[in-house]
>>> print(open('protein-v5.pdb').read())   # PDB, C-alpha atoms
ATOM      1  CA  MET A   1      20.758 -12.215  -4.274
ATOM      2  CA  ARG A   2      21.118 -15.506  -2.412
ATOM      3  CA  VAL A   3      23.247 -13.849   0.234
ATOM      4  CA  LEU A   4      20.571 -11.209   0.749
ATOM      5  CA  ASN A   5      17.847 -13.865   1.029
ATOM      6  CA  PHE A   6      19.954 -15.843   3.508
ATOM      7  CA  PHE A   7      20.526 -12.687   5.538
ATOM      8  CA  PHE A   8      16.808 -11.912   5.772
ATOM      9  CA  ILE A   9      15.952 -15.505   6.692
ATOM     10  CA  PHE A  10      18.668 -15.454   9.345
ATOM     11  CA  LEU A  11      17.307 -12.206  10.818
ATOM     12  CA  ILE A  12      13.776 -13.594  10.917
ATOM     13  CA  CYS A  13      14.927 -16.794  12.625
ATOM     14  CA  LEU A  14      16.973 -14.802  15.130
ATOM     15  CA  ALA A  15      13.961 -12.621  15.902
ATOM     16  CA  LEU A  16      11.796 -15.737  16.382
ATOM     17  CA  VAL A  17      14.322 -17.272  18.787
ATOM     18  CA  LEU A  18      14.567 -14.068  20.825
ATOM     19  CA  PHE A  19      10.773 -13.786  20.826
ATOM     20  CA  SER A  20      10.443 -17.381  22.014
ATOM     21  CA  ILE A  21      12.915 -16.871  24.841
ATOM     22  CA  GLU A  22      10.999 -13.848  26.129
ATOM     23  CA  ASN A  23       7.456 -15.277  25.820
ATOM     24  CA  THR A  24       7.353 -18.615  27.618
ATOM     25  CA  GLU A  25       4.155 -17.997  29.605
ATOM     26  CA  PRO A  26       1.490 -20.660  28.959
ATOM     27  CA  THR A  27      -1.726 -19.408  27.400
ATOM     28  CA  THR A  28      -4.951 -21.040  26.315
ATOM     29  CA  ILE A  29      -6.466 -20.620  22.879
ATOM     30  CA  GLN A  30      -9.980 -21.778  22.128
ATOM     31  CA  ILE A  31      -9.957 -22.879  18.489
ATOM     32  CA  ILE A  32     -13.589 -23.985  18.342
ATOM     33  CA  LYS A  33     -16.146 -24.309  21.097
ATOM     34  CA  GLY A  34     -15.067 -27.138  23.368
ATOM     35  CA  PHE A  35     -11.539 -27.479  21.899
ATOM     36  CA  GLN A  36      -8.761 -25.577  23.631
ATOM     37  CA  VAL A  37      -5.010 -25.612  23.225
ATOM     38  CA  LYS A  38      -2.661 -24.690  26.043
ATOM     39  CA  ALA A  39       0.913 -23.880  25.028
ATOM     40  CA  PRO A  40       3.505 -21.151  25.478
ATOM     41  CA  LEU A  41       2.542 -17.877  23.833
ATOM     42  CA  SER A  42       5.579 -17.910  21.566
ATOM     43  CA  VAL A  43       4.734 -21.366  20.193
ATOM     44  CA  GLU A  44       1.158 -20.356  19.465
ATOM     45  CA  LEU A  45       2.175 -17.135  17.730
ATOM     46  CA  ILE A  46       4.906 -18.838  15.702
ATOM     47  CA  MET A  47       2.414 -21.508  14.612
ATOM     48  CA  ALA A  48      -0.077 -18.823  13.615
ATOM     49  CA  THR A  49       2.646 -17.026  11.656
ATOM     50  CA  GLY A  50       3.640 -20.290   9.971
ATOM     51  CA  LEU A  51       0.032 -20.991   9.040
ATOM     52  CA  GLY A  52      -0.237 -17.495   7.564
ATOM     53  CA  ALA A  53       2.969 -18.035   5.582
ATOM     54  CA  ILE A  54       1.665 -21.352   4.232
ATOM     55  CA  LEU A  55      -1.626 -19.731   3.204
ATOM     56  CA  ALA A  56       0.241 -16.879   1.495
ATOM     57  CA  TRP A  57       2.402 -19.422  -0.370
ATOM     58  CA  LEU A  58      -0.669 -21.365  -1.495
ATOM     59  CA  PHE A  59      -2.290 -18.139  -2.694
ATOM     60  CA  SER A  60       0.843 -17.242  -4.669
ATOM     61  CA  LEU A  61       0.811 -20.699  -6.282
ATOM     62  CA  TRP A  62      -2.854 -20.245  -7.188
ATOM     63  CA  SER A  63      -2.154 -16.800  -8.679
ATOM     64  CA  ARG A  64       0.834 -18.130 -10.630
ATOM     65  CA  MET A  65      -1.279 -20.985 -12.006
ATOM     66  CA  GLN A  66      -3.988 -18.540 -13.117
ATOM     67  CA  ARG A  67      -1.400 -16.334 -14.860
ATOM     68  CA  MET A  68       0.107 -19.390 -16.548
ATOM     69  CA  LEU A  69      -3.308 -20.511 -17.841
ATOM     70  CA  ALA A  70      -4.055 -17.004 -19.104
ATOM     71  CA  SER A  71      -0.658 -16.878 -20.792
ATOM     72  CA  ARG A  72      -1.293 -20.214 -22.508
ATOM     73  CA  ALA A  73      -4.645 -18.975 -23.792
ATOM     74  CA  GLU A  74      -3.024 -15.810 -25.151
ATOM     75  CA  THR A  75      -0.239 -17.830 -26.780
ATOM     76  CA  ARG A  76      -2.820 -20.078 -28.434
ATOM     77  CA  GLN A  77      -4.693 -17.033 -29.741
ATOM     78  CA  VAL A  78      -1.471 -15.553 -31.129
ATOM     79  CA  ARG A  79      -0.680 -18.828 -32.921
ATOM     80  CA  GLU A  80      -4.171 -18.919 -34.420
ATOM     81  CA  LYS A  81      -3.840 -15.317 -35.595
ATOM     82  CA  GLU A  82      -0.426 -16.074 -37.132
ATOM     83  CA  GLN A  83      -1.921 -19.005 -39.028
ATOM     84  CA  GLN A  84      -4.739 -16.781 -40.286
ATOM     85  CA  ILE A  85      -2.171 -14.197 -41.390
ATOM     86  CA  GLN A  86      -0.225 -16.847 -43.309
ATOM     87  CA  VAL A  87      -3.398 -18.032 -45.051
ATOM     88  CA  LEU A  88      -4.319 -14.461 -45.965
ATOM     89  CA  GLU A  89      -0.796 -13.757 -47.262
ATOM     90  CA  GLN A  90      -1.011 -16.876 -49.447
ATOM     91  CA  ASP A  91      -4.396 -15.692 -50.735
ATOM     92  CA  ILE A  92      -2.903 -12.283 -51.564
ATOM     93  CA  GLU A  93      -0.037 -13.890 -53.494
ATOM     94  CA  ARG A  94      -2.479 -16.094 -55.377
ATOM     95  CA  TYR A  95      -4.711 -13.127 -56.207
ATOM     96  CA  LYS A  96      -1.698 -11.096 -57.377
ATOM     97  CA  ALA A  97      -0.681 -13.942 -59.687
ATOM     98  CA  GLU A  98      -4.237 -14.166 -61.055
ATOM     99  CA  VAL A  99      -4.396 -10.407 -61.654
ATOM    100  CA  GLU A 100      -1.021 -10.413 -63.404
ATOM    101  CA  ALA A 101      -2.089 -13.349 -65.585
ATOM    102  CA  LYS A 102      -5.323 -11.569 -66.535
ATOM    103  CA  GLN A 103      -3.424  -8.352 -67.280
ATOM    104  CA  LEU A 104      -1.106 -10.264 -69.592
ATOM    105  CA  LEU A 105      -4.117 -11.781 -71.351
ATOM    106  CA  LEU A 106      -5.715  -8.370 -71.708
ATOM    107  CA  GLU A 107      -2.514  -6.829 -73.048
ATOM    108  CA  SER A 108      -1.966  -9.638 -75.522
ATOM    109  CA  GLY A 109      -5.560  -9.509 -76.706
ATOM    110  CA  GLU A 110      -5.607  -5.756 -77.400
ATOM    111  CA  PRO A 111      -4.744  -4.576 -80.914
ATOM    112  CA  SER A 112      -1.483  -2.787 -81.088
ATOM    113  CA  THR A 113      -1.719   0.921 -81.895
ATOM    114  CA  VAL A 114       1.736   1.322 -83.386
TER     115      VAL A 114
END
>>> encode(input="protein-v5.pdb", output="structure tokens")
Amino acid sequence: MRVLNFFFIFLICLALVLFSIENTEPTTIQIIKGFQVKAPLSVELIMATGLGAILAWLFSLWSRMQRMLASRAETRQVREKEQQIQVLEQDIERYKAEVEAKQLLLESGEPSTV
């Protein structure tokens, strides 16, 4: 998988270099009113692409953090449910023992019909 990733990164870098060689004409970009940047077209487009990549990375981090928090909440709920199940199972065992003890008392208290 690493070789495939390296290959794609290499192709992207090669495409950027070829793009930069072909687009050296200076252009002006007005970012906000009164603030202009004059640079080669390739530099401006590569910077815009880089900014987009950084924003996409930040969004993926944000999404991953949200999934992690949701997963923690679900894990906590599962643990709480497991604890409730254990308590209920203990109650069932206790009730079974009480019922058996009462049945023994009832059986011993009844007159024998033999």
>>> resolve_selection(input="protein-v5.pdb", expression="the PyMOL selection byres ((chain A and resi 3-20) around 9)", output="number ranges by chain")
A: 1-2, 21-24, 40-43, 46
>>> atom_distance(input="protein-v5.pdb", atom1="atom CA of A:Gly52", atom2="atom CA of A:Ile29")
16.8 Å
>>> closest_residue(input="protein-v5.pdb", among="A:Leu58, A:Leu45, A:Met65, A:Leu105", to="A:Thr27", atoms="only C-alpha atoms")
A:Leu45
